[in-house]
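Asker: For reference, the file query_29.tsv (TSV, C-alpha atoms and all ligand atoms) is included below:
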```tsv
chain	number	residue	atom	x	y	z
A	30	MET	CA	-8.27	15.14	-3.65
A	31	GLN	CA	-5.88	15.05	-6.59
A	32	GLN	CA	-2.24	14.26	-5.97
A	33	LYS	CA	-0.16	16.56	-8.15
A	34	LEU	CA	2.99	14.49	-8.57
A	35	GLN	CA	1.08	11.27	-9.27
A	36	ASN	CA	-0.89	13.00	-12.02
A	37	THR	CA	2.28	13.66	-14.01
A	38	LYS	CA	1.74	11.70	-17.22
A	39	ASN	CA	3.02	8.08	-16.99
A	40	LEU	CA	5.24	8.93	-14.02
A	41	VAL	CA	3.97	6.27	-11.60
A	42	SER	CA	3.65	3.54	-14.23
A	43	ASN	CA	7.17	4.27	-15.48
A	44	VAL	CA	8.50	4.08	-11.94
A	45	PHE	CA	7.08	0.60	-11.34
A	46	ASN	CA	7.95	-0.58	-14.87
A	47	GLN	CA	11.55	0.23	-14.03
A	48	VAL	CA	11.71	-1.36	-10.60
A	49	TYR	CA	9.37	-4.38	-10.80
A	50	ASP	CA	12.03	-7.10	-11.02
A	51	LYS	CA	14.09	-5.62	-8.17
A	52	TYR	CA	11.11	-4.42	-6.14
A	53	ASP	CA	11.31	-7.06	-3.39
A	54	LEU	CA	15.10	-6.84	-3.16
A	55	MET	CA	15.06	-3.02	-2.91
A	56	ASN	CA	12.33	-3.13	-0.25
A	57	ASN	CA	14.48	-5.42	1.86
A	58	LEU	CA	17.58	-3.28	1.37
A	59	MET	CA	16.01	0.13	1.90
A	60	SER	CA	14.11	-0.84	5.04
A	61	PHE	CA	16.71	-3.34	6.35
A	62	GLY	CA	13.88	-5.89	6.16
A	63	ILE	CA	11.67	-3.88	8.53
A	64	HIS	CA	8.89	-3.64	5.91
A	65	LYS	CA	8.19	-7.32	6.65
A	66	SER	CA	7.50	-6.53	10.27
A	67	TRP	CA	5.22	-3.58	9.32
A	68	LYS	CA	3.30	-5.89	7.01
A	69	LYS	CA	3.02	-8.58	9.68
A	70	GLN	CA	1.69	-6.01	12.15
A	71	LEU	CA	-0.87	-4.97	9.54
A	72	ILE	CA	-2.01	-8.56	9.07
A	73	TYR	CA	-2.25	-9.22	12.82
A	74	SER	CA	-4.34	-6.05	13.24
A	75	MET	CA	-6.70	-7.38	10.57
A	76	LYS	CA	-7.34	-10.51	12.66
A	77	PRO	CA	-7.88	-12.64	9.55
A	78	LYS	CA	-10.79	-15.05	9.78
A	79	SER	CA	-11.47	-18.01	7.52
A	80	ASN	CA	-14.00	-17.90	4.69
A	81	LYS	CA	-13.77	-14.12	4.30
A	82	LYS	CA	-13.04	-12.04	1.21
A	83	LEU	CA	-10.10	-9.67	1.04
A	84	ILE	CA	-9.32	-7.14	-1.66
A	85	ASP	CA	-5.63	-6.17	-1.77
A	86	VAL	CA	-5.42	-2.97	-3.79
A	87	ALA	CA	-2.06	-1.80	-5.18
A	88	CYS	CA	-1.05	-5.37	-4.41
A	89	GLY	CA	2.28	-5.14	-6.24
A	90	THR	CA	4.03	-8.49	-5.92
A	91	GLY	CA	1.45	-9.86	-3.47
A	92	ASP	CA	3.15	-9.73	-0.05
A	93	ILE	CA	-0.06	-8.92	1.81
A	94	ALA	CA	-2.12	-11.52	-0.01
A	95	LYS	CA	0.45	-14.17	0.88
A	96	LEU	CA	0.56	-13.25	4.56
A	97	PHE	CA	-3.23	-13.12	4.84
A	98	SER	CA	-3.66	-16.41	3.03
A	99	ASP	CA	-1.03	-18.16	5.15
A	100	LEU	CA	-2.69	-17.00	8.37
A	101	THR	CA	-6.03	-18.47	7.28
A	102	SER	CA	-4.39	-21.62	5.86
A	103	GLY	CA	-5.73	-20.66	2.46
A	104	GLU	CA	-9.34	-20.67	3.75
A	105	CYS	CA	-10.18	-17.28	2.24
A	106	LYS	CA	-10.68	-15.61	-1.11
A	107	ILE	CA	-8.27	-12.86	-2.09
A	108	GLN	CA	-8.60	-10.44	-4.97
A	109	CYS	CA	-5.33	-8.72	-5.84
A	110	VAL	CA	-5.57	-5.51	-7.86
A	111	ASP	CA	-2.84	-3.40	-9.44
A	112	PRO	CA	-2.59	-1.35	-12.64
A	113	ASN	CA	0.95	-2.52	-13.35
A	114	ARG	CA	1.17	-5.73	-15.40
A	115	LYS	CA	4.80	-6.29	-14.56
A	116	MET	CA	4.33	-6.05	-10.79
A	117	ILE	CA	1.34	-8.40	-11.05
A	118	SER	CA	3.29	-10.88	-13.18
A	119	ILE	CA	5.96	-11.18	-10.46
A	120	GLY	CA	3.21	-11.69	-7.85
A	121	ARG	CA	1.42	-14.32	-9.94
A	122	GLN	CA	4.67	-16.20	-10.41
A	123	LYS	CA	5.62	-15.99	-6.71
A	124	LEU	CA	2.18	-17.15	-5.56
A	125	LYS	CA	1.33	-19.57	-8.35
A	126	ASN	CA	0.44	-22.30	-5.83
A	127	TYR	CA	-2.14	-20.09	-4.10
A	128	LYS	CA	-5.34	-21.08	-5.89
A	129	ASN	CA	-7.43	-18.81	-3.65
A	130	ILE	CA	-5.77	-15.65	-5.01
A	131	SER	CA	-7.05	-13.92	-8.19
A	132	TRP	CA	-5.33	-11.07	-9.98
A	133	LYS	CA	-6.85	-8.10	-11.77
A	134	ILE	CA	-5.32	-5.17	-13.61
A	135	ALA	CA	-7.13	-2.03	-12.46
A	136	THR	CA	-6.63	1.17	-10.53
A	137	ALA	CA	-7.73	1.91	-6.98
A	138	GLU	CA	-9.79	4.86	-8.24
A	139	LYS	CA	-12.01	2.64	-10.43
A	140	LEU	CA	-12.41	-0.88	-9.12
A	141	PRO	CA	-14.15	-3.24	-11.55
A	142	PHE	CA	-16.23	-4.92	-8.82
A	143	ARG	CA	-19.80	-4.51	-7.67
A	144	GLU	CA	-20.57	-2.90	-4.32
A	145	ASN	CA	-20.73	-4.64	-0.91
A	146	GLN	CA	-18.49	-7.59	-1.80
A	147	PHE	CA	-15.45	-7.68	0.47
A	148	ASP	CA	-14.96	-8.20	4.21
A	149	TYR	CA	-11.53	-6.56	4.21
A	150	TYR	CA	-9.96	-3.90	2.01
A	151	VAL	CA	-6.23	-3.35	2.27
A	152	ILE	CA	-3.91	-0.92	0.55
A	153	SER	CA	-0.26	-1.23	1.57
A	154	PHE	CA	2.22	1.41	0.39
A	155	GLY	CA	-0.25	2.07	-2.41
A	156	LEU	CA	-2.47	5.01	-1.43
A	157	ARG	CA	0.43	7.44	-1.85
A	158	ASN	CA	0.78	6.35	-5.48
A	159	THR	CA	-2.84	6.89	-6.50
A	160	LYS	CA	-3.91	9.89	-8.50
A	161	ASN	CA	-6.92	10.78	-6.39
A	162	LEU	CA	-7.26	10.01	-2.68
A	163	ASN	CA	-11.00	10.70	-2.42
A	164	LYS	CA	-11.81	8.49	-5.37
A	165	THR	CA	-9.68	5.71	-3.92
A	166	LEU	CA	-11.37	5.98	-0.52
A	167	SER	CA	-14.88	6.16	-1.95
A	168	GLU	CA	-14.20	3.10	-4.11
A	169	ALA	CA	-12.89	1.28	-1.03
A	170	PHE	CA	-16.09	2.15	0.81
A	171	ARG	CA	-18.26	1.06	-2.11
A	172	VAL	CA	-16.78	-2.43	-2.56
A	173	LEU	CA	-16.67	-3.24	1.17
A	174	LYS	CA	-19.60	-5.09	2.73
A	175	LYS	CA	-21.47	-3.47	5.59
A	176	GLY	CA	-19.39	-4.47	8.60
A	177	GLY	CA	-16.25	-4.60	6.44
A	178	ARG	CA	-13.02	-2.90	7.42
A	179	PHE	CA	-10.55	-0.69	5.55
A	180	PHE	CA	-6.80	-0.84	6.25
A	181	CYS	CA	-4.09	1.40	4.87
A	182	LEU	CA	-0.39	0.96	5.58
A	183	GLU	CA	1.61	3.92	4.32
A	184	PHE	CA	4.66	6.08	4.91
A	185	SER	CA	3.69	8.97	7.12
A	186	LYS	CA	5.07	11.81	9.22
A	187	ILE	CA	7.69	11.29	11.90
A	188	ASN	CA	6.88	12.75	15.31
A	189	ASN	CA	10.40	12.97	16.72
A	190	GLU	CA	12.80	15.64	15.46
A	191	TYR	CA	15.96	13.53	15.96
A	192	LEU	CA	14.49	10.53	14.17
A	193	ASP	CA	13.22	12.86	11.45
A	194	PHE	CA	16.69	14.38	11.02
A	195	PHE	CA	18.24	10.92	10.72
A	196	TYR	CA	15.50	9.73	8.34
A	197	GLN	CA	15.75	12.80	6.06
A	198	ASN	CA	19.48	12.24	5.72
A	199	TYR	CA	19.12	8.51	5.25
A	200	SER	CA	16.53	9.18	2.50
A	201	LYS	CA	19.21	11.00	0.50
A	202	LEU	CA	21.10	7.70	0.18
A	203	ILE	CA	18.17	5.76	-1.24
A	204	PRO	CA	18.40	7.05	-4.85
A	205	ILE	CA	22.13	6.24	-4.79
A	206	VAL	CA	21.43	2.64	-3.73
A	207	GLY	CA	18.62	2.54	-6.32
A	208	GLU	CA	20.96	3.63	-9.08
A	209	PHE	CA	23.41	0.90	-8.08
A	210	ILE	CA	20.80	-1.89	-7.94
A	211	VAL	CA	18.24	-0.85	-10.59
A	212	GLY	CA	20.49	1.31	-12.77
A	213	ASP	CA	18.44	4.48	-12.36
A	214	LYS	CA	17.93	6.83	-9.42
A	215	LYS	CA	14.75	8.49	-10.73
A	216	PRO	CA	12.27	5.91	-9.36
A	217	TYR	CA	13.77	6.39	-5.91
A	218	GLU	CA	13.74	10.17	-6.19
A	219	TYR	CA	10.01	9.76	-6.89
A	220	LEU	CA	9.68	7.53	-3.82
A	221	ILE	CA	11.23	10.14	-1.51
A	222	LYS	CA	9.32	13.03	-3.06
A	223	SER	CA	6.00	11.18	-2.88
A	224	ILE	CA	6.60	10.37	0.80
A	225	ASN	CA	7.49	13.98	1.63
A	226	GLU	CA	4.45	15.35	-0.21
A	227	PHE	CA	1.96	12.84	1.21
A	228	ILE	CA	-0.67	13.97	3.73
A	229	ASN	CA	-0.10	13.40	7.45
A	230	GLN	CA	-1.79	10.91	9.79
A	231	ASP	CA	-4.59	13.25	10.90
A	232	GLU	CA	-5.32	14.51	7.40
A	233	LEU	CA	-5.76	10.93	6.19
A	234	LEU	CA	-8.01	10.17	9.15
A	235	GLU	CA	-10.16	13.18	8.26
A	236	LEU	CA	-10.35	12.09	4.62
A	237	MET	CA	-11.48	8.61	5.65
A	238	GLU	CA	-14.23	10.11	7.79
A	239	LYS	CA	-15.30	12.36	4.89
A	240	ASN	CA	-15.63	9.19	2.85
A	241	LYS	CA	-18.06	7.70	5.38
A	242	PHE	CA	-15.72	5.38	7.25
A	243	GLU	CA	-16.48	5.07	10.96
A	244	LYS	CA	-14.44	4.36	14.08
A	245	CYS	CA	-11.35	5.51	12.20
A	246	LYS	CA	-8.02	5.35	13.95
A	247	TYR	CA	-4.32	4.99	13.28
A	248	LEU	CA	-1.25	3.48	14.81
A	249	ASN	CA	2.29	4.78	14.20
A	250	PHE	CA	5.10	2.34	13.58
A	251	ASN	CA	8.72	3.37	14.23
A	252	GLY	CA	7.83	6.89	15.35
A	253	GLY	CA	5.54	7.55	12.37
A	254	ILE	CA	7.86	6.46	9.56
A	255	VAL	CA	4.85	4.33	8.70
A	256	ALA	CA	1.25	4.54	9.92
A	257	LEU	CA	-1.54	2.01	9.84
A	258	HIS	CA	-5.00	3.54	9.39
A	259	SER	CA	-8.22	1.61	9.73
A	260	GLY	CA	-11.93	2.34	9.56
A	261	TRP	CA	-15.23	0.50	9.32
A	262	LYS	CA	-18.11	0.53	6.86
A	263	LEU	CA	-21.04	0.30	9.26
A	301	LIG	C1	5.04	0.42	-3.39
A	301	LIG	S1	4.09	-0.71	-4.30
A	301	LIG	C2	3.24	-1.58	-3.00
A	301	LIG	C3	3.08	-3.02	-3.29
A	301	LIG	C4	2.55	-3.88	-2.15
A	301	LIG	N1	1.22	-3.49	-1.76
A	301	LIG	C5	3.46	-3.86	-0.96
A	301	LIG	O1	3.04	-3.47	0.13
A	301	LIG	O2	4.64	-4.24	-1.11
A	301	LIG	C6	2.87	0.34	-4.94
A	301	LIG	C7	1.98	-0.30	-5.98
A	301	LIG	O3	0.94	0.65	-6.28
A	301	LIG	C8	0.57	0.43	-7.62
A	301	LIG	N2	-0.21	1.59	-8.11
A	301	LIG	C9	0.24	2.72	-8.69
A	301	LIG	N3	-0.80	3.51	-9.02
A	301	LIG	C10	-1.91	2.87	-8.60
A	301	LIG	C11	-3.30	3.18	-8.66
A	301	LIG	N4	-3.75	4.31	-9.21
A	301	LIG	N5	-4.17	2.28	-8.17
A	301	LIG	C12	-3.74	1.14	-7.59
A	301	LIG	N6	-2.44	0.79	-7.51
A	301	LIG	C13	-1.54	1.66	-8.01
A	301	LIG	C14	1.90	0.23	-8.32
A	301	LIG	O4	1.74	-0.37	-9.58
A	301	LIG	C15	2.64	-0.64	-7.30
A	301	LIG	O5	2.51	-2.00	-7.58
```
Using structure tokens, write down the structure from this file.

Answerer:
Amino acid sequence: MQQKLQNTKNLVSNVFNQVYDKYDLMNNLMSFGIHKSWKKQLIYSMKPKSNKKLIDVACGTGDIAKLFSDLTSGECKIQCVDPNRKMISIGRQKLKNYKNISWKIATAEKLPFRENQFDYYVISFGLRNTKNLNKTLSEAFRVLKKGGRFFCLEFSKINNEYLDFFYQNYSKLIPIVGEFIVGDKKPYEYLIKSINEFINQDELLELMEKNKFEKCKYLNFNGGIVALHSGWKL
């Protein structure tokens, strides 16, 4: 399943090239810090165990890798993957003391790893940015071990009309804040458009099942502003 907006030439890479050095700051501002709680809930749902292998795809600046590593006291191997050199360079710098984390420049649609390698696959606020959802999901399935679990944290569809009304209006402010902090509103216009155009919770669930994941389910956070999907390779 191709995503039209994300297939616009260089659009996504330009967006992250523009925002990489203010990415963490803007995340905190735009979500009032709530993204940290979403990410913590993701990590707790993963129930990290020691001596396991995690692949963090669309890792950006490495928030998920850090949380996972901290919860296992560094007793795990983490492979971070992202196509954007600049995002990765911030992550590497931030987590330079984490010797159990490796970094690789690659896309979610074509992972340079052999099959059946990882115990956990996670993609946090990344699936929406990929060019092809089916390719991403089939690659996730391929690199997971049998018994491994897929997790996706992503903006989704709000199930309450009042909250949705508030959120739609709040979203209009984000490019204005972006212009003030980053100097350009376009990356944040992309953010809002990509969220609005993204598939809903049930459509993603269906796509995961089509790509052979089993026992798929999702959990809404904050009325569906964000959803956490998970499924098993059995
Ligand atoms: C919103 S950031 C998420 C970063 C991090 N996972 C987090 O939760 O904060 C999205 C990331 O997706 C990456 N990305 C864009 N296209 C991608 C693709 N085709 N495959 C994998 N990652 C991609 C971007 O470079 C960016 O670092």

Asker: Distance CA of Phe97 in chain A-atom C11 of ligand LIG 301 (chain A), one decimal place?

Answerer: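 These atoms are spaced 21.2 Å apart.
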
Asker: For chain A versus ligand LIG 301 (chain A), which residues have an atom no more than 6 Å away, and what is each residue's nearest atom pair and distance in Å rounded to one decimal, using all atoms listed in the file, chain-then-number order, as CSV?

Answerer:
```
residue,atom,partner,partner_atom,distance
A:Val41,CA,A:LIG301,C9,5.9
A:Phe45,CA,A:LIG301,O4,5.7
A:Val86,CA,A:LIG301,C12,5.8
A:Ala87,CA,A:LIG301,N6,3.5
A:Cys88,CA,A:LIG301,N1,4.0
A:Gly89,CA,A:LIG301,O5,3.4
A:Asp92,CA,A:LIG301,O2,5.8
A:Asp111,CA,A:LIG301,N6,4.6
A:Pro112,CA,A:LIG301,O4,5.4
A:Asn113,CA,A:LIG301,O4,4.4
A:Met116,CA,A:LIG301,O5,5.5
A:Thr136,CA,A:LIG301,N5,3.6
A:Ala137,CA,A:LIG301,N5,3.8
A:Ser153,CA,A:LIG301,O1,4.2
A:Phe154,CA,A:LIG301,C2,4.6
A:Gly155,CA,A:LIG301,O3,4.3
A:Asn158,CA,A:LIG301,N3,4.8
A:Thr159,CA,A:LIG301,N4,3.9
A:Lys160,CA,A:LIG301,N4,5.6
```

Asker: Which one is closest to Ser102 in chain A: A:Leu257, A:Glu208, A:Lys128, A:Ile84? Count all atoms listed in the file.

Answerer: A:Lys128

Asker: Just to confirm, what's the straight-line distance from CA of Glu232 in chain A to CA of Ser185 in chain A in Å (one decimal)?

Answerer: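 Taking CA of Glu232 in chain A as the start and CA of Ser185 in chain A as the end point, the length is 10.6 Å.
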
Asker: In Å, how far is it from CA of Cys181 in chain A to CA of Val211 in chain A?

Answerer: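 If I compute the distance from CA of Cys181 in chain A to CA of Val211 in chain A, I get 27.3 Å.
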